[in-house]
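What follows is a set of notes on a single structure, which appears directly below.
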Number of protein chains: 2
Amino acid sequence: MAYFRAHIEMLDGYVPGEQPSERDVVKLNTNENPYPPSPRVLEAVHSITGEQLRRYPHPMGQAFRQAAADVLGVRPEMVICGNGMDDLLNMVVRAFSGPEARLVYPSPTYTLYAVLAAIEASLVTEVAFGPEYELPFDDLVAADGRVTFLCNPNSPSGTFVPVERVAELARKVRGVLVVDEAYVDFADENCMRLASELPNVLVLRTLSKGYSLAGMRFGYGVGSPELIEGLVKVKDSYNVDAISIAAATAAMRDQEYARGNWERVRSERERLTGELTGLGFSVLPSQSNFLLASIADPTAESLYESLKARKILVRYFKQPRLDGSLRITVGTPKENDALLAALRELV
Amino acid sequence: MAYFRAHIEMLDGYVPGEQPSERDVVKLNTNENPYPPSPRVLEAVHSITGEQLRRYPHPMGQAFRQAAADVLGVRPEMVICGNGMDDLLNMVVRAFSGPEARLVYPSPTYTLYAVLAAIEASLVTEVAFGPEYELPFDDLVAADGRVTFLCNPNSPSGTFVPVERVAELARKVRGVLVVDEAYVDFADENCMRLASELPNVLVLRTLSKGYSLAGMRFGYGVGSPELIEGLVKVKDSYNVDAISIAAATAAMRDQEYARGNWERVRSERERLTGELTGLGFSVLPSQSNFLLASIADPTAESLYESLKARKILVRYFKQPRLDGSLRITVGTPKENDALLAALRELV
């Protein structure tokens, strides 16, 4: 068909993880939080009125901006809301990069960066992480991107680059450093302070994982007011809706509830790491809510298939460096036990 | 700041209409439906569970696709969901146009087309509508856009181009014809059948106006499966959330409720047209839920200000051809009476 731009015509879109409709699947493949969202979120959703739905929402999601500012200790003008973090990544590529500008990131990482670059016809330099997922610092700087992405903790490795190292990177690169903190709620540290300290750092977060709201699509970005103001120009006027603003605000204001879940996930993460290691897997040290676990025999691909046959879904990436591993979301103790029981029979 | 692309740096973003937080304003400026959404929508929202929020939504909003297919008599593969129609317009520009390709539309019209073109660094040909907002057919064809936009009914004029004329235009242009039917629920006819009959027609709709859901952000597009498949490549993986899919599906399946509101708006539209004409305004024949009403003395701008001082908001566009007019959303009978009472004192 001649209607599409040539490079769009040739594009393979982003392939999201499987979302089975059956409810009896042990779903450890797309890094959802295993616990439900805060009761206050449901209260907010259940008290939405027809009048709130009839009228346009606040174009900037002001109630959430204020809540995030209060929790994070930044000014509201430093916060921008997104319809999921993907919406924000999309804005970033369109605002800073564009055709034939260069995007840089260490790999393997979140595969959407490459897809967004392809949609925008941007150039891409992927720099391989070190053997233990060390940051390839000099090569990232040398690649000189208009935008450098750093997923931290990284997916699918779960590994974390220390904040001081990220700060050094931000000081060295000429363009914008986007720190994708989708999984940071499960980590010991985070880079939020860099958004206040350095003019070229944009920290992106999502409520999908830490706040159990993958179904709701709400992300936010934090950076200097100048960065945020520029991003606002390319965002859809009303990109977040009245319900999700109310729900996200309630989630953000209930830090205590969220922290409880983060602790439970971290504790299960340590248990799962130990058990998988005992079964013969090599497991990277994870600061996220998932583990990248490698095994030689049986192959990761056959294990993925065998688990799927038992209605246990994990993520398998058929690509260099990752095809010997499974990415396993940390589930509830019961879900993790089901996984471990199956693996004990299979390995 | 050197971080942004040069043309983004220079860009003025889209300016949405005022959204006052006070509830005692008679708000006739952004074309919201004056009646609340269907009770079934609220039932759907109020019965959302934590589990629905915890998990990712269906990437294609399948429940809504099926509902729309049932109501419109098309196949689900011909339907794509969007986070508001703006999300779909955004996808259109990125998929079909891009930098230095040409977008064409008759003007004056929805000002977002120009903003999206500017963000994407596309070329634009604006072709003036005729004196009574007749379609400038030959000039639109001659402009040879990769995408031609037609807002029908048009905003801010409210006028309608007959379906047969739109079909002719679609057959003549080489690129894609996007028919923006944001306001079509209030019209006598619509172009939906062209989405099935012609390979280059994409019909876009929103639930903001006809279904009283501006606060929710839900739009959809209908076109050939090939067009839809290409658009899916550039859309965010999970662009519509679990709550809005459920709410939009409920709204779509309650056609009877929606139709009742459309009838009430149309009836008030006719009354308001008559009354405004009696007051000395020239009012274009409207097929939408608003009126474009012109007056020479007092000036439209001063009338806008005087109404605002009385807490009645209408839309004033300070630009050539529109600066002698007010765009007035059709409200409830009581809201329209308040407007008319104020105007009787002011003109």
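Quick note on naming: the chains in the structure tokens go A, B, ... in the order shown, residues restart at 1 in each chain, and ligands are numbered from 1 in order of appearance.
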
Tell me, counting only C-alpha atoms, for each residue of chain B within 6 Å of chain A, which pair of atoms is nearest and how far apart they are in Å to one decimal, in rows ordered by chain and increasing number, as a tab-separated table.
```
residue	atom	partner	partner_atom	distance
B:Tyr3	CA	A:Gly175	CA	5.9
B:Phe4	CA	A:Phe96	CA	4.6
B:Arg5	CA	A:Phe96	CA	5.3
B:Gly13	CA	A:Lys233	CA	4.5
B:Pro36	CA	A:Gly50	CA	5.3
B:Pro37	CA	A:Gly50	CA	5.9
B:His46	CA	A:His46	CA	4.4
B:Gly50	CA	A:Pro36	CA	5.4
B:Leu53	CA	A:Gly215	CA	4.2
B:Arg54	CA	A:Ser212	CA	4.7
B:Arg55	CA	A:Gly215	CA	5.1
B:Tyr56	CA	A:Gly215	CA	4.4
B:Pro57	CA	A:Gly215	CA	4.9
B:Ala95	CA	A:Phe4	CA	5.9
B:Phe96	CA	A:Phe4	CA	4.6
B:Gly175	CA	A:Tyr3	CA	5.9
B:Ser212	CA	A:Arg54	CA	4.6
B:Leu213	CA	A:Arg54	CA	4.8
B:Ala214	CA	A:Tyr56	CA	4.8
B:Gly215	CA	A:Leu53	CA	4.2
B:Met216	CA	A:Asp241	CA	5.0
B:Arg217	CA	A:Asp241	CA	5.8
B:Lys233	CA	A:Gly13	CA	4.5
B:Asp241	CA	A:Met216	CA	5.0
B:Ala242	CA	A:Gly215	CA	5.1
```

>> I'd like the neighbourhood of Val71 of chain A as a list in words, where a residue qualifies if any of its atoms comes within 9 Å (using only C-alpha atoms), though same-chain residues fewer than 2 positions away should be ignored.
In response: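 The residues satisfying every condition are Gln66, Ala67, Ala68, Ala69, Gly73, Val74, Met252, Arg253 and Gln255 of chain A.
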
If you keep N, CA, C and O atoms, can you produce a file of those selected residues as a compact mmCIF listing (two decimals), in the first residue's frame?
```txt
# COMPACT_ATOMS: atom_id res chain seq x y z
N GLN A 66 0.84 17.99 41.59
CA GLN A 66 1.04 18.49 42.95
C GLN A 66 1.38 17.33 43.90
O GLN A 66 2.28 17.46 44.75
N ALA A 67 0.68 16.21 43.74
CA ALA A 67 0.94 15.06 44.60
C ALA A 67 2.37 14.55 44.40
O ALA A 67 3.10 14.27 45.37
N ALA A 68 2.80 14.45 43.14
CA ALA A 68 4.16 13.99 42.85
C ALA A 68 5.18 14.97 43.41
O ALA A 68 6.20 14.57 43.99
N ALA A 69 4.90 16.26 43.25
CA ALA A 69 5.81 17.28 43.77
C ALA A 69 5.95 17.14 45.28
O ALA A 69 7.06 17.19 45.84
N GLY A 73 9.50 15.99 46.57
CA GLY A 73 10.23 17.18 46.97
C GLY A 73 10.73 18.00 45.79
O GLY A 73 11.85 18.52 45.81
N VAL A 74 9.92 18.08 44.74
CA VAL A 74 10.27 18.94 43.60
C VAL A 74 9.12 19.92 43.38
O VAL A 74 8.09 19.85 44.05
N MET A 252 -0.35 7.90 44.44
CA MET A 252 0.86 8.61 44.81
C MET A 252 0.80 9.07 46.26
O MET A 252 1.82 9.08 46.97
N ARG A 253 -0.40 9.44 46.70
CA ARG A 253 -0.54 9.94 48.07
C ARG A 253 -0.58 8.81 49.10
O ARG A 253 -0.52 9.07 50.29
N GLN A 255 1.75 6.42 49.82
CA GLN A 255 3.09 5.85 49.74
C GLN A 255 3.25 4.65 50.67
O GLN A 255 3.94 3.69 50.35
```

Leaving out Gln62 of chain A and any residue of its chain fewer than 5 positions from it, which residues lie within 10 Å of it when counting only C-alpha atoms, given as a PDB file with C-alpha atoms, in the first residue's frame?
```
ATOM      1  CA  PRO A  57      -9.836  16.976  32.272  1.00  0.00           C
ATOM      2  CA  ALA A  67       0.945  15.058  44.602  1.00  0.00           C
ATOM      3  CA  ALA A  68       4.159  13.987  42.851  1.00  0.00           C
ATOM      4  CA  PRO A  76       5.009  20.944  40.201  1.00  0.00           C
ATOM      5  CA  GLU A  77       6.451  22.688  37.108  1.00  0.00           C
ATOM      6  CA  VAL A  79       6.497  17.220  36.527  1.00  0.00           C
ATOM      7  CA  ILE A  80       4.743  16.122  33.324  1.00  0.00           C
ATOM      8  CA  CYS A  81       2.089  13.397  33.156  1.00  0.00           C
ATOM      9  CA  ILE A 245      -5.578  11.588  37.179  1.00  0.00           C
ATOM     10  CA  THR A 249      -3.125  10.998  42.587  1.00  0.00           C
TER      11      THR A 249
END
```

> So which residues of segment 272-347 of chain B fall under strand (DSSP E or B) by DSSP, listed as a PyMOL selection string?
Replying inline: chain B and resi 282-283+290-294+312-313+315+325-329

>> Just list as an NGL selection string whatever in segment 32-197 of chain A DSSP marks as alpha helix (DSSP H).
In response: :A and (39-46 or 50-54 or 62-72 or 85-92 or 112-119 or 137-143 or 163-172 or 192-197)

> Looking at only C-alpha atoms, which of A:Leu150, A:Val163, A:Ala293, A:Met78 is the one that sits closest to Gly278 of chain A?
Replying inline: A:Ala293

Test item: residues at most 6 Å from segment 106-109 of chain A, only C-alpha atoms, excluding those fewer than 6 positions along its chain, as a compact mmCIF listing (two decimals) with N, CA, C and O atoms, in the first residue's frame:
```
# COMPACT_ATOMS: atom_id res chain seq x y z
N GLU A 126 23.52 1.45 19.44
CA GLU A 126 23.38 0.56 20.59
C GLU A 126 24.78 0.18 21.05
O GLU A 126 25.59 -0.28 20.26
N VAL A 127 25.06 0.41 22.33
CA VAL A 127 26.37 0.08 22.87
C VAL A 127 26.19 -1.08 23.85
O VAL A 127 25.38 -0.99 24.76
N ALA A 128 26.95 -2.14 23.66
CA ALA A 128 26.74 -3.33 24.50
C ALA A 128 27.12 -3.05 25.95
O ALA A 128 28.18 -2.48 26.24
N PHE A 129 26.27 -3.45 26.87
CA PHE A 129 26.63 -3.47 28.29
C PHE A 129 27.82 -4.42 28.47
O PHE A 129 28.03 -5.35 27.68
N SER A 155 15.93 -3.32 32.13
CA SER A 155 15.19 -4.50 31.70
C SER A 155 15.84 -4.97 30.42
O SER A 155 16.12 -4.14 29.55
```

> Could you work out how far atom CA of Ala300 of chain B lies from atom CA of Ser325 of chain B, giving the answer in Å with one decimal?
Replying inline: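 A separation of 5.4 Å between them.
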
> To one decimal place, how far is atom CA of Phe160 of chain B from atom CA of Val201 of chain B in Å?
Replying inline: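 The value is 17.2 Å.
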
> Excluding same-chain residues fewer than 4 positions from Leu140 of chain A, what lies within 9 Å of it counting only C-alpha atoms, as an MDAnalysis selection string?
Replying inline: chainID A and resid 104:106 125:127 135:136 144:145 148 169 173

>> Can you tell me which residues surround segment 283-288 of chain B at a distance of at most 10 Å, considering only C-alpha atoms, apart from same-chain residues fewer than 4 positions away, and format the answer as a ChimeraX atom specification?
In response: /B:31,132-133,152-161,181-189,209-210,262,265-266,269-270,272-274,276-277,292-295,325-327,329-330

Based on the selection just made, write C-alpha atoms of those residues as a tab-separated table (two decimals), in the first residue's frame.
```tsv
chain	number	residue	atom	x	y	z
B	31	ASN	CA	-18.21	21.79	22.87
B	132	GLU	CA	-20.55	29.75	2.91
B	133	TYR	CA	-17.97	27.09	3.81
B	152	ASN	CA	-17.03	17.21	8.94
B	153	PRO	CA	-19.07	18.78	10.46
B	154	ASN	CA	-16.35	21.39	10.45
B	155	SER	CA	-15.21	23.22	13.55
B	156	PRO	CA	-15.58	26.11	14.14
B	157	SER	CA	-18.15	26.64	11.37
B	158	GLY	CA	-20.46	23.72	12.20
B	159	THR	CA	-21.12	23.29	8.48
B	160	PHE	CA	-21.35	19.91	6.73
B	161	VAL	CA	-20.05	18.71	3.37
B	181	GLU	CA	-16.22	13.15	12.51
B	182	ALA	CA	-15.81	14.47	16.05
B	183	TYR	CA	-19.20	16.20	15.79
B	184	VAL	CA	-21.04	13.86	13.44
B	185	ASP	CA	-23.39	12.45	16.06
B	186	PHE	CA	-25.31	15.72	15.85
B	187	ALA	CA	-25.53	15.64	12.03
B	188	ASP	CA	-28.15	14.22	9.65
B	189	GLU	CA	-25.62	12.12	7.74
B	209	LYS	CA	-19.03	14.97	22.43
B	210	GLY	CA	-21.72	12.51	21.35
B	262	TRP	CA	-28.27	14.03	20.36
B	265	VAL	CA	-28.99	19.01	21.50
B	266	ARG	CA	-30.30	19.28	17.93
B	269	ARG	CA	-29.52	24.04	18.40
B	270	GLU	CA	-32.50	24.99	16.24
B	272	LEU	CA	-30.73	28.88	19.69
B	273	THR	CA	-30.16	29.52	15.98
B	274	GLY	CA	-33.56	31.17	15.74
B	276	LEU	CA	-29.60	34.44	17.88
B	277	THR	CA	-30.80	35.35	14.41
B	292	LEU	CA	-20.71	30.03	14.68
B	293	ALA	CA	-22.51	33.34	15.11
B	294	SER	CA	-21.26	36.59	13.60
B	295	ILE	CA	-22.05	40.13	14.57
B	325	SER	CA	-17.71	35.57	15.30
B	326	LEU	CA	-18.32	33.63	18.48
B	327	ARG	CA	-18.38	29.85	18.60
B	329	THR	CA	-21.61	25.39	22.31
B	330	VAL	CA	-25.25	24.31	22.55
```
